[in-house]
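Source file: input.pdb (PDB, C-alpha atoms, pLDDT in the B column)
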```
ATOM      1  CA  MET A 358      68.035 -39.490 121.973  1.00 76.00           C
ATOM      2  CA  TYR A 359      69.522 -40.930 125.143  1.00 84.00           C
ATOM      3  CA  LEU A 360      67.191 -43.938 125.131  1.00 90.00           C
ATOM      4  CA  SER A 361      68.277 -45.029 121.650  1.00 91.00           C
ATOM      5  CA  GLU A 362      71.911 -44.524 122.634  1.00 92.00           C
ATOM      6  CA  TRP A 363      71.569 -46.689 125.734  1.00 93.00           C
ATOM      7  CA  ILE A 364      69.686 -49.475 123.947  1.00 94.00           C
ATOM      8  CA  GLY A 365      72.144 -49.468 121.048  1.00 94.00           C
ATOM      9  CA  SER A 366      75.179 -49.509 123.346  1.00 93.00           C
ATOM     10  CA  VAL A 367      73.824 -52.410 125.386  1.00 94.00           C
ATOM     11  CA  ALA A 368      73.030 -54.347 122.204  1.00 94.00           C
ATOM     12  CA  VAL A 369      76.525 -53.799 120.779  1.00 93.00           C
ATOM     13  CA  ALA A 370      78.115 -54.832 124.079  1.00 91.00           C
ATOM     14  CA  MET A 371      76.004 -57.996 124.191  1.00 91.00           C
ATOM     15  CA  ILE A 372      76.987 -58.956 120.648  1.00 89.00           C
ATOM     16  CA  ALA A 373      80.648 -58.164 121.253  1.00 85.00           C
ATOM     17  CA  GLY A 374      80.627 -60.251 124.428  1.00 78.00           C
ATOM     18  CA  ILE A 375      80.011 -63.354 122.323  1.00 81.00           C
ATOM     19  CA  SER A 376      83.303 -62.870 120.482  1.00 77.00           C
ATOM     20  CA  PRO A 377      86.219 -65.142 121.543  1.00 75.00           C
ATOM     21  CA  LYS A 378      88.426 -62.059 122.021  1.00 72.00           C
ATOM     22  CA  PHE A 379      86.272 -61.143 125.034  1.00 71.00           C
ATOM     23  CA  LYS A 380      86.387 -64.601 126.563  1.00 71.00           C
ATOM     24  CA  ARG A 381      87.311 -63.719 130.109  1.00 64.00           C
ATOM     25  CA  THR A 382      89.524 -65.422 132.607  1.00 66.00           C
ATOM     26  CA  LYS A 383      87.525 -65.102 135.812  1.00 73.00           C
ATOM     27  CA  LEU A 384      89.096 -62.702 138.255  1.00 81.00           C
ATOM     28  CA  VAL A 385      89.345 -64.549 141.557  1.00 84.00           C
ATOM     29  CA  PHE A 386      90.167 -62.885 144.862  1.00 90.00           C
ATOM     30  CA  LYS A 387      91.411 -65.048 147.701  1.00 89.00           C
ATOM     31  CA  TYR A 388      89.395 -63.070 150.272  1.00 92.00           C
ATOM     32  CA  PRO A 389      86.459 -61.492 148.384  1.00 93.00           C
ATOM     33  CA  GLN A 390      84.807 -60.025 151.490  1.00 95.00           C
ATOM     34  CA  ARG A 391      88.015 -58.276 152.477  1.00 95.00           C
ATOM     35  CA  GLU A 392      88.410 -56.965 148.927  1.00 95.00           C
ATOM     36  CA  GLY A 393      84.849 -55.654 148.995  1.00 96.00           C
ATOM     37  CA  ILE A 394      85.449 -53.816 152.247  1.00 96.00           C
ATOM     38  CA  VAL A 395      88.656 -52.285 150.862  1.00 96.00           C
ATOM     39  CA  ALA A 396      86.713 -51.208 147.754  1.00 96.00           C
ATOM     40  CA  LEU A 397      84.152 -49.464 149.970  1.00 97.00           C
ATOM     41  CA  ALA A 398      86.976 -47.750 151.851  1.00 96.00           C
ATOM     42  CA  VAL A 399      88.455 -46.559 148.551  1.00 96.00           C
ATOM     43  CA  PHE A 400      85.025 -45.223 147.606  1.00 96.00           C
ATOM     44  CA  GLY A 401      84.815 -43.367 150.925  1.00 95.00           C
ATOM     45  CA  VAL A 402      88.105 -41.598 150.242  1.00 94.00           C
ATOM     46  CA  ALA A 403      87.059 -40.787 146.664  1.00 93.00           C
ATOM     47  CA  LEU A 404      83.736 -39.376 147.913  1.00 93.00           C
ATOM     48  CA  LEU A 405      85.537 -37.204 150.464  1.00 92.00           C
ATOM     49  CA  VAL A 406      87.794 -35.862 147.709  1.00 87.00           C
ATOM     50  CA  SER A 407      84.696 -35.165 145.589  1.00 85.00           C
ATOM     51  CA  ILE A 408      83.015 -33.182 148.352  1.00 86.00           C
ATOM     52  CA  ILE A 409      86.148 -31.186 149.182  1.00 85.00           C
ATOM     53  CA  LEU A 410      86.891 -30.266 145.568  1.00 80.00           C
ATOM     54  CA  THR A 411      83.270 -29.259 144.966  1.00 78.00           C
ATOM     55  CA  THR A 412      82.919 -27.042 148.021  1.00 78.00           C
ATOM     56  CA  LEU A 413      86.326 -25.374 147.962  1.00 71.00           C
ATOM     57  CA  PRO A 414      87.508 -22.958 145.265  1.00 65.00           C
ATOM     58  CA  ALA A 415      89.270 -24.944 142.559  1.00 58.00           C
ATOM     59  CA  PHE A 416      91.719 -24.040 139.846  1.00 60.00           C
ATOM     60  CA  THR A 417      90.237 -23.767 136.364  1.00 63.00           C
ATOM     61  CA  LEU A 418      92.255 -25.217 133.527  1.00 60.00           C
ATOM     62  CA  ILE A 419      92.731 -23.018 130.485  1.00 56.00           C
ATOM     63  CA  GLY A 420      90.053 -23.710 127.904  1.00 59.00           C
ATOM     64  CA  LEU A 421      87.783 -25.587 130.329  1.00 65.00           C
ATOM     65  CA  SER A 422      84.837 -24.406 132.365  1.00 72.00           C
ATOM     66  CA  LYS A 423      84.905 -24.768 136.135  1.00 72.00           C
ATOM     67  CA  PRO A 424      82.524 -27.792 136.137  1.00 73.00           C
ATOM     68  CA  LEU A 425      84.756 -29.648 133.663  1.00 81.00           C
ATOM     69  CA  SER A 426      87.901 -28.658 135.554  1.00 81.00           C
ATOM     70  CA  ASP A 427      86.319 -29.858 138.803  1.00 81.00           C
ATOM     71  CA  ARG A 428      85.399 -33.144 137.148  1.00 86.00           C
ATOM     72  CA  LEU A 429      88.957 -33.716 135.945  1.00 88.00           C
ATOM     73  CA  PHE A 430      90.440 -32.906 139.362  1.00 88.00           C
ATOM     74  CA  MET A 431      87.859 -35.147 141.068  1.00 90.00           C
ATOM     75  CA  ALA A 432      88.665 -38.050 138.755  1.00 93.00           C
ATOM     76  CA  ILE A 433      92.414 -37.766 139.255  1.00 92.00           C
ATOM     77  CA  GLY A 434      92.005 -37.255 142.999  1.00 91.00           C
ATOM     78  CA  GLY A 435      89.704 -40.261 143.266  1.00 92.00           C
ATOM     79  CA  LEU A 436      92.199 -42.416 141.390  1.00 95.00           C
ATOM     80  CA  ILE A 437      94.949 -41.805 143.967  1.00 94.00           C
ATOM     81  CA  PRO A 438      93.503 -44.153 146.651  1.00 94.00           C
ATOM     82  CA  VAL A 439      93.107 -46.855 143.979  1.00 96.00           C
ATOM     83  CA  VAL A 440      96.771 -46.564 143.010  1.00 96.00           C
ATOM     84  CA  VAL A 441      97.824 -46.562 146.674  1.00 95.00           C
ATOM     85  CA  ALA A 442      95.664 -49.622 147.433  1.00 95.00           C
ATOM     86  CA  LEU A 443      97.067 -51.550 144.467  1.00 96.00           C
ATOM     87  CA  TYR A 444     100.638 -50.668 145.419  1.00 95.00           C
ATOM     88  CA  ARG A 445     100.323 -51.362 149.137  1.00 94.00           C
ATOM     89  CA  ARG A 446      98.486 -54.659 148.583  1.00 92.00           C
ATOM     90  CA  LYS A 447     100.777 -55.704 145.693  1.00 94.00           C
ATOM     91  CA  GLN A 448      97.915 -56.351 143.267  1.00 94.00           C
ATOM     92  CA  PRO A 449      98.259 -56.276 139.464  1.00 94.00           C
ATOM     93  CA  VAL A 450      96.642 -53.638 137.268  1.00 94.00           C
ATOM     94  CA  ARG A 451      94.353 -56.288 135.767  1.00 93.00           C
ATOM     95  CA  SER A 452      92.543 -56.331 139.111  1.00 94.00           C
ATOM     96  CA  ALA A 453      91.640 -52.679 138.433  1.00 95.00           C
ATOM     97  CA  GLY A 454      90.141 -53.423 135.012  1.00 94.00           C
ATOM     98  CA  TRP A 455      93.293 -53.280 132.887  1.00 95.00           C
ATOM     99  CA  PRO A 456      94.036 -56.844 131.679  1.00 93.00           C
ATOM    100  CA  PRO A 457      96.745 -56.483 128.981  1.00 91.00           C
ATOM    101  CA  ASP A 458      95.396 -59.320 126.842  1.00 87.00           C
ATOM    102  CA  LYS A 459      92.003 -57.593 126.479  1.00 88.00           C
ATOM    103  CA  LEU A 460      93.336 -54.172 125.477  1.00 91.00           C
ATOM    104  CA  ASN A 461      92.931 -54.502 121.692  1.00 91.00           C
ATOM    105  CA  GLY A 462      89.425 -55.929 121.921  1.00 90.00           C
ATOM    106  CA  ALA A 463      88.393 -53.259 124.423  1.00 92.00           C
ATOM    107  CA  LEU A 464      89.749 -50.516 122.155  1.00 94.00           C
ATOM    108  CA  GLN A 465      87.789 -51.887 119.194  1.00 93.00           C
ATOM    109  CA  LEU A 466      84.578 -52.137 121.212  1.00 94.00           C
ATOM    110  CA  GLY A 467      85.052 -48.657 122.645  1.00 95.00           C
ATOM    111  CA  LEU A 468      85.550 -47.146 119.190  1.00 95.00           C
ATOM    112  CA  ALA A 469      82.513 -49.034 117.870  1.00 94.00           C
ATOM    113  CA  LEU A 470      80.415 -47.625 120.713  1.00 96.00           C
ATOM    114  CA  ALA A 471      81.776 -44.133 120.063  1.00 94.00           C
ATOM    115  CA  PHE A 472      80.826 -44.292 116.363  1.00 94.00           C
ATOM    116  CA  LEU A 473      77.413 -45.667 117.309  1.00 95.00           C
ATOM    117  CA  VAL A 474      76.742 -42.757 119.659  1.00 94.00           C
ATOM    118  CA  ILE A 475      77.850 -40.220 117.046  1.00 92.00           C
ATOM    119  CA  PHE A 476      75.581 -41.868 114.460  1.00 92.00           C
ATOM    120  CA  LEU A 477      72.557 -41.978 116.766  1.00 91.00           C
ATOM    121  CA  ARG A 478      73.069 -38.325 117.700  1.00 89.00           C
ATOM    122  CA  GLY A 479      73.369 -37.374 114.007  1.00 86.00           C
ATOM    123  CA  LYS A 480      76.614 -35.458 114.544  1.00 87.00           C
ATOM    124  CA  PHE A 481      79.127 -36.942 112.109  1.00 86.00           C
ATOM    125  CA  LEU A 482      79.604 -33.651 110.219  1.00 84.00           C
ATOM    126  CA  ALA A 483      79.757 -31.650 113.456  1.00 82.00           C
ATOM    127  CA  VAL A 484      82.416 -34.007 114.844  1.00 84.00           C
ATOM    128  CA  ILE A 485      84.555 -33.670 111.710  1.00 82.00           C
ATOM    129  CA  THR A 486      84.534 -29.870 111.927  1.00 79.00           C
ATOM    130  CA  SER A 487      85.096 -29.903 115.694  1.00 74.00           C
ATOM    131  CA  MET A 488      88.271 -31.986 115.565  1.00 75.00           C
ATOM    132  CA  THR A 489      90.270 -28.933 114.480  1.00 71.00           C
ATOM    133  CA  GLY A 490      88.865 -26.604 117.139  1.00 71.00           C
ATOM    134  CA  PRO A 491      88.953 -26.266 120.931  1.00 76.00           C
ATOM    135  CA  GLU A 492      86.421 -29.094 121.164  1.00 78.00           C
ATOM    136  CA  ALA A 493      89.233 -31.530 120.309  1.00 81.00           C
ATOM    137  CA  SER A 494      91.120 -30.530 123.459  1.00 83.00           C
ATOM    138  CA  MET A 495      87.916 -30.887 125.456  1.00 86.00           C
ATOM    139  CA  LEU A 496      87.549 -34.460 124.180  1.00 89.00           C
ATOM    140  CA  GLY A 497      91.060 -35.205 125.387  1.00 89.00           C
ATOM    141  CA  PHE A 498      90.329 -33.877 128.869  1.00 90.00           C
ATOM    142  CA  LEU A 499      87.054 -35.821 129.015  1.00 93.00           C
ATOM    143  CA  LEU A 500      88.848 -38.994 127.982  1.00 95.00           C
ATOM    144  CA  ILE A 501      91.361 -38.557 130.808  1.00 95.00           C
ATOM    145  CA  ALA A 502      88.490 -38.005 133.249  1.00 95.00           C
ATOM    146  CA  THR A 503      86.466 -41.013 132.105  1.00 97.00           C
ATOM    147  CA  ILE A 504      89.490 -43.328 132.117  1.00 97.00           C
ATOM    148  CA  CYS A 505      90.167 -42.342 135.726  1.00 97.00           C
ATOM    149  CA  GLU A 506      86.475 -42.650 136.685  1.00 97.00           C
ATOM    150  CA  GLU A 507      86.052 -46.035 135.037  1.00 97.00           C
ATOM    151  CA  THR A 508      89.248 -47.357 136.607  1.00 97.00           C
ATOM    152  CA  ILE A 509      87.954 -46.347 140.038  1.00 97.00           C
ATOM    153  CA  PHE A 510      84.384 -47.567 139.794  1.00 97.00           C
ATOM    154  CA  ARG A 511      84.207 -50.198 137.075  1.00 96.00           C
ATOM    155  CA  GLY A 512      87.742 -51.541 137.275  1.00 96.00           C
ATOM    156  CA  TYR A 513      88.478 -51.472 141.000  1.00 97.00           C
ATOM    157  CA  ILE A 514      85.184 -51.194 142.883  1.00 97.00           C
ATOM    158  CA  GLN A 515      82.781 -53.104 140.622  1.00 97.00           C
ATOM    159  CA  GLN A 516      85.051 -56.119 140.189  1.00 95.00           C
ATOM    160  CA  ARG A 517      85.550 -56.445 143.933  1.00 96.00           C
ATOM    161  CA  LEU A 518      81.908 -55.975 144.832  1.00 96.00           C
ATOM    162  CA  ALA A 519      81.020 -58.518 142.134  1.00 95.00           C
ATOM    163  CA  ALA A 520      83.435 -61.045 143.633  1.00 94.00           C
ATOM    164  CA  TRP A 521      81.985 -60.436 147.099  1.00 95.00           C
ATOM    165  CA  LEU A 522      78.256 -59.976 146.404  1.00 94.00           C
ATOM    166  CA  GLY A 523      77.787 -61.558 142.976  1.00 93.00           C
ATOM    167  CA  PRO A 524      78.139 -60.055 139.485  1.00 92.00           C
ATOM    168  CA  ASN A 525      74.677 -58.514 139.191  1.00 94.00           C
ATOM    169  CA  PHE A 526      74.549 -56.955 142.634  1.00 95.00           C
ATOM    170  CA  GLY A 527      78.156 -55.825 142.290  1.00 95.00           C
ATOM    171  CA  TRP A 528      77.289 -54.098 139.020  1.00 96.00           C
ATOM    172  CA  LEU A 529      74.232 -52.367 140.497  1.00 96.00           C
ATOM    173  CA  ALA A 530      76.020 -51.369 143.695  1.00 97.00           C
ATOM    174  CA  ALA A 531      79.016 -49.932 141.838  1.00 97.00           C
ATOM    175  CA  SER A 532      76.686 -47.973 139.549  1.00 96.00           C
ATOM    176  CA  ALA A 533      74.862 -46.530 142.565  1.00 96.00           C
ATOM    177  CA  LEU A 534      78.148 -45.582 144.247  1.00 97.00           C
ATOM    178  CA  PHE A 535      79.323 -43.884 141.071  1.00 97.00           C
ATOM    179  CA  LEU A 536      76.154 -41.788 140.941  1.00 95.00           C
ATOM    180  CA  LEU A 537      76.535 -40.906 144.629  1.00 95.00           C
ATOM    181  CA  TRP A 538      80.142 -39.862 144.013  1.00 94.00           C
ATOM    182  CA  GLN A 539      79.016 -37.558 141.192  1.00 91.00           C
ATOM    183  CA  LEU A 540      76.169 -35.929 143.127  1.00 89.00           C
ATOM    184  CA  PRO A 541      78.202 -33.067 144.704  1.00 83.00           C
ATOM    185  CA  ARG A 542      79.406 -32.007 141.253  1.00 82.00           C
ATOM    186  CA  LEU A 543      76.054 -32.545 139.535  1.00 82.00           C
ATOM    187  CA  LEU A 544      74.118 -30.594 142.150  1.00 81.00           C
ATOM    188  CA  ALA A 545      76.551 -27.699 141.984  1.00 74.00           C
ATOM    189  CA  GLY A 546      76.838 -27.447 138.216  1.00 64.00           C
ATOM    190  CA  THR A 547      73.339 -27.499 136.711  1.00 62.00           C
ATOM    191  CA  ASP A 548      69.803 -26.206 137.082  1.00 68.00           C
ATOM    192  CA  GLN A 549      68.207 -29.337 135.582  1.00 76.00           C
ATOM    193  CA  VAL A 550      69.115 -31.488 138.563  1.00 79.00           C
ATOM    194  CA  LEU A 551      66.558 -34.282 138.157  1.00 84.00           C
ATOM    195  CA  LEU A 552      67.234 -34.836 134.447  1.00 85.00           C
ATOM    196  CA  THR A 553      70.991 -34.750 134.962  1.00 86.00           C
ATOM    197  CA  VAL A 554      70.846 -37.256 137.817  1.00 89.00           C
ATOM    198  CA  VAL A 555      68.604 -39.646 135.841  1.00 91.00           C
ATOM    199  CA  VAL A 556      70.813 -39.491 132.740  1.00 91.00           C
ATOM    200  CA  SER A 557      73.976 -39.979 134.807  1.00 92.00           C
ATOM    201  CA  GLY A 558      72.422 -42.891 136.689  1.00 94.00           C
ATOM    202  CA  VAL A 559      71.346 -44.770 133.575  1.00 95.00           C
ATOM    203  CA  GLN A 560      74.657 -44.041 131.854  1.00 95.00           C
ATOM    204  CA  SER A 561      76.414 -45.506 134.880  1.00 95.00           C
ATOM    205  CA  LEU A 562      74.379 -48.715 134.549  1.00 96.00           C
ATOM    206  CA  VAL A 563      75.181 -48.939 130.834  1.00 97.00           C
ATOM    207  CA  ALA A 564      78.906 -48.390 131.478  1.00 97.00           C
ATOM    208  CA  GLY A 565      78.876 -51.091 134.143  1.00 96.00           C
ATOM    209  CA  PHE A 566      77.222 -53.520 131.739  1.00 96.00           C
ATOM    210  CA  ILE A 567      79.812 -52.727 129.056  1.00 96.00           C
ATOM    211  CA  MET A 568      82.507 -53.455 131.635  1.00 95.00           C
ATOM    212  CA  GLN A 569      80.896 -56.820 132.386  1.00 92.00           C
ATOM    213  CA  ARG A 570      80.918 -57.808 128.720  1.00 91.00           C
ATOM    214  CA  SER A 571      84.353 -56.487 127.782  1.00 91.00           C
ATOM    215  CA  GLY A 572      86.294 -57.041 131.008  1.00 91.00           C
ATOM    216  CA  HIS A 573      88.279 -53.839 130.417  1.00 94.00           C
ATOM    217  CA  VAL A 574      87.656 -50.253 131.534  1.00 96.00           C
ATOM    218  CA  LEU A 575      88.765 -48.758 128.215  1.00 96.00           C
ATOM    219  CA  SER A 576      85.476 -49.675 126.493  1.00 96.00           C
ATOM    220  CA  PRO A 577      83.121 -47.853 128.904  1.00 96.00           C
ATOM    221  CA  ALA A 578      85.615 -44.988 129.193  1.00 97.00           C
ATOM    222  CA  LEU A 579      85.577 -44.358 125.433  1.00 97.00           C
ATOM    223  CA  TYR A 580      81.802 -44.667 125.320  1.00 97.00           C
ATOM    224  CA  ARG A 581      81.236 -42.170 128.135  1.00 96.00           C
ATOM    225  CA  ALA A 582      83.880 -39.709 126.906  1.00 95.00           C
ATOM    226  CA  VAL A 583      82.301 -39.407 123.455  1.00 94.00           C
ATOM    227  CA  SER A 584      78.746 -39.410 124.801  1.00 94.00           C
ATOM    228  CA  ASP A 585      79.522 -36.559 127.209  1.00 92.00           C
ATOM    229  CA  TRP A 586      81.583 -34.687 124.621  1.00 91.00           C
ATOM    230  CA  LEU A 587      78.776 -34.592 122.046  1.00 90.00           C
ATOM    231  CA  ILE A 588      76.783 -32.337 124.378  1.00 86.00           C
ATOM    232  CA  PHE A 589      79.282 -29.578 123.547  1.00 82.00           C
ATOM    233  CA  VAL A 590      79.496 -30.335 119.805  1.00 80.00           C
ATOM    234  CA  VAL A 591      77.034 -28.223 117.817  1.00 70.00           C
TER
END
```
If you convert what's in this file into structure tokens, what do you get?
Amino acid sequence: MYLSEWIGSVAVAMIAGISPKFKRTKLVFKYPQREGIVALAVFGVALLVSIILTTLPAFTLIGLSKPLSDRLFMAIGGLIPVVVALYRRKQPVRSAGWPPDKLNGALQLGLALAFLVIFLRGKFLAVITSMTGPEASMLGFLLIATICEETIFRGYIQQRLAAWLGPNFGWLAASALFLLWQLPRLLAGTDQVLLTVVVSGVQSLVAGFIMQRSGHVLSPALYRAVSDWLIFVV
């Protein structure tokens, strides 16, 4: 199930990347090494927030389990150093994966990936019935979490590591950092540790590739939100 989803998502992203609407203006940093080091510092703060929120008692939002509440708090907490870094260094939001001119194309690609995942999972009817229940609210919370996560790792960190180390190594490094950031939560919230880590790692690689092709964090955020949400849709 996951393998077909990953292959299909990569294929769709590759095809979409050919479209003129995804023709990217290369993001150039004046001092790429400095930007890469700042990105690693931002990751360090986000990882510290992840560890603290996982080990300490956390508030549970109404209608969400503790693991999902922890994930939402971790995502929002990890986004704070990104916002601070952008503000203090006077950098535009496009440098964090939010180019305004790519928004419509990214939304279309993200929705296409979402429908593809639903189709491959065979859950169209289940999704229709779930949109009037508590699962709809869960999708909203997951979307907030994935938008924050993708802004941190694909928008801010991956783009800077790619400028410093090259696009392929930047993609792989950002994917590895994202998995490392998730480990405290993953290890605390499941019994199937190995399977969960493998799935999360490959999903991170796929999301990073989608970011490369679309140039906007909204596409991988929509893909991951729906993919994670379908686990709870029966």
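Distance annotation: of A:Asn525, A:Ser561, A:Thr508, A:Gln539, the residue with the minimal separation from A:Asp427 is A:Gln539; atom set is only C-alpha atoms.
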Tell me, in Å to one decimal, how far atom CA of A:Leu551 is from atom CA of A:Leu404.
20.4 Å
Could you give me, as a ChimeraX atom specification, the residues that have an atom at most 12 Å away from the point (88.8, -35.2, 133.8) in the coordinates of the file, using all atoms listed in the file?
/A:417-418,421-436,494-507,578,581-582,585-586
Which residue of A:Arg511, A:Ala545, A:Gly479, A:Tyr444 approaches A:Ala530 most closely, using all atoms listed in the file
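Once distances to A:Ala530 are computed over all atoms listed in the file, the minimum belongs to A:Arg511.
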Residues picked by the PyMOL selection byres ((chain A and resi 368-370) around 8) here, as a list in words?
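What the PyMOL selection byres ((chain A and resi 368-370) around 8) grabs from the file is Ile364, Gly365, Ser366, Val367, Met371, Ile372, Ala373, Gly374, Leu466, Leu470, Phe566, Ile567, Arg570 and Ser571 of chain A.
Interatomic distance, atom CA of A:Ala519 against atom CA of A:Pro389: 8.8 Å.
Comparing the minimum interatomic distances between A:Pro524 and each of A:Val583, A:Lys383, A:Gly462, A:Ile394, counting all atoms listed in the file, we find that A:Lys383 sits nearest.
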So that I can see what lies close to A:Ala463, please list as JSON, numbers by chain the residues with an atom at most 7 Å from it, counting all atoms listed in the file and leaving out residues fewer than 5 positions away in the same chain.
{"A": [571, 573, 575, 576]}
Smallest atom-to-atom distance to A:Ala396: which of A:Leu413, A:Leu482, A:Ala471, A:Leu518, using all atoms listed in the file?
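The shortest atom-to-atom distance to A:Ala396 comes from A:Leu518.
Those residues returned by the PyMOL selection byres ((chain A and resi 559) around 10) for this file are Tyr359, Leu360, Trp363, Ser532, Ala533, Leu536, Val554, Val555, Val556, Ser557, Gly558, Gln560, Ser561, Leu562, Val563, Ala564 and Gly565 of chain A.
Taking only C-alpha atoms into account, A:Ser376 lies nearest to A:Gln465 out of the set A:Gly401, A:Arg517, A:Gln465, A:Thr412.
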Calculated over all atoms listed in the file, which of the candidates A:Leu537, A:Val590, A:Ala453, A:Val550 has the smallest distance to A:Ala403?
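Comparing A:Leu537, A:Val590, A:Ala453, A:Val550 against A:Ala403, the winner is A:Leu537.
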List every protein, DNA or RNA residue with an atom no more than 10 Å from (84.5, -35.7, 115.0) in the file's coordinates, counting only C-alpha atoms, and format the result as an NGL selection string.
:A and (472 or 475 or 480-489 or 492-493 or 496 or 583 or 587 or 590)
Please report the interatomic distance between atom CA of A:Trp521 and atom CA of A:Gln390 in Å with one decimal.
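Going from atom CA of A:Trp521 over to atom CA of A:Gln390 covers 5.2 Å.
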I'd like the residues picked by the PyMOL selection byres ((chain A and resi 452) around 8) written out as a list of chain:residue names, using the chain letters and numbers from the file.
A:Leu384, A:Gln448, A:Pro449, A:Val450, A:Arg451, A:Ala453, A:Gly454, A:Trp455, A:Pro456, A:Gly512, A:Tyr513, A:Gln516
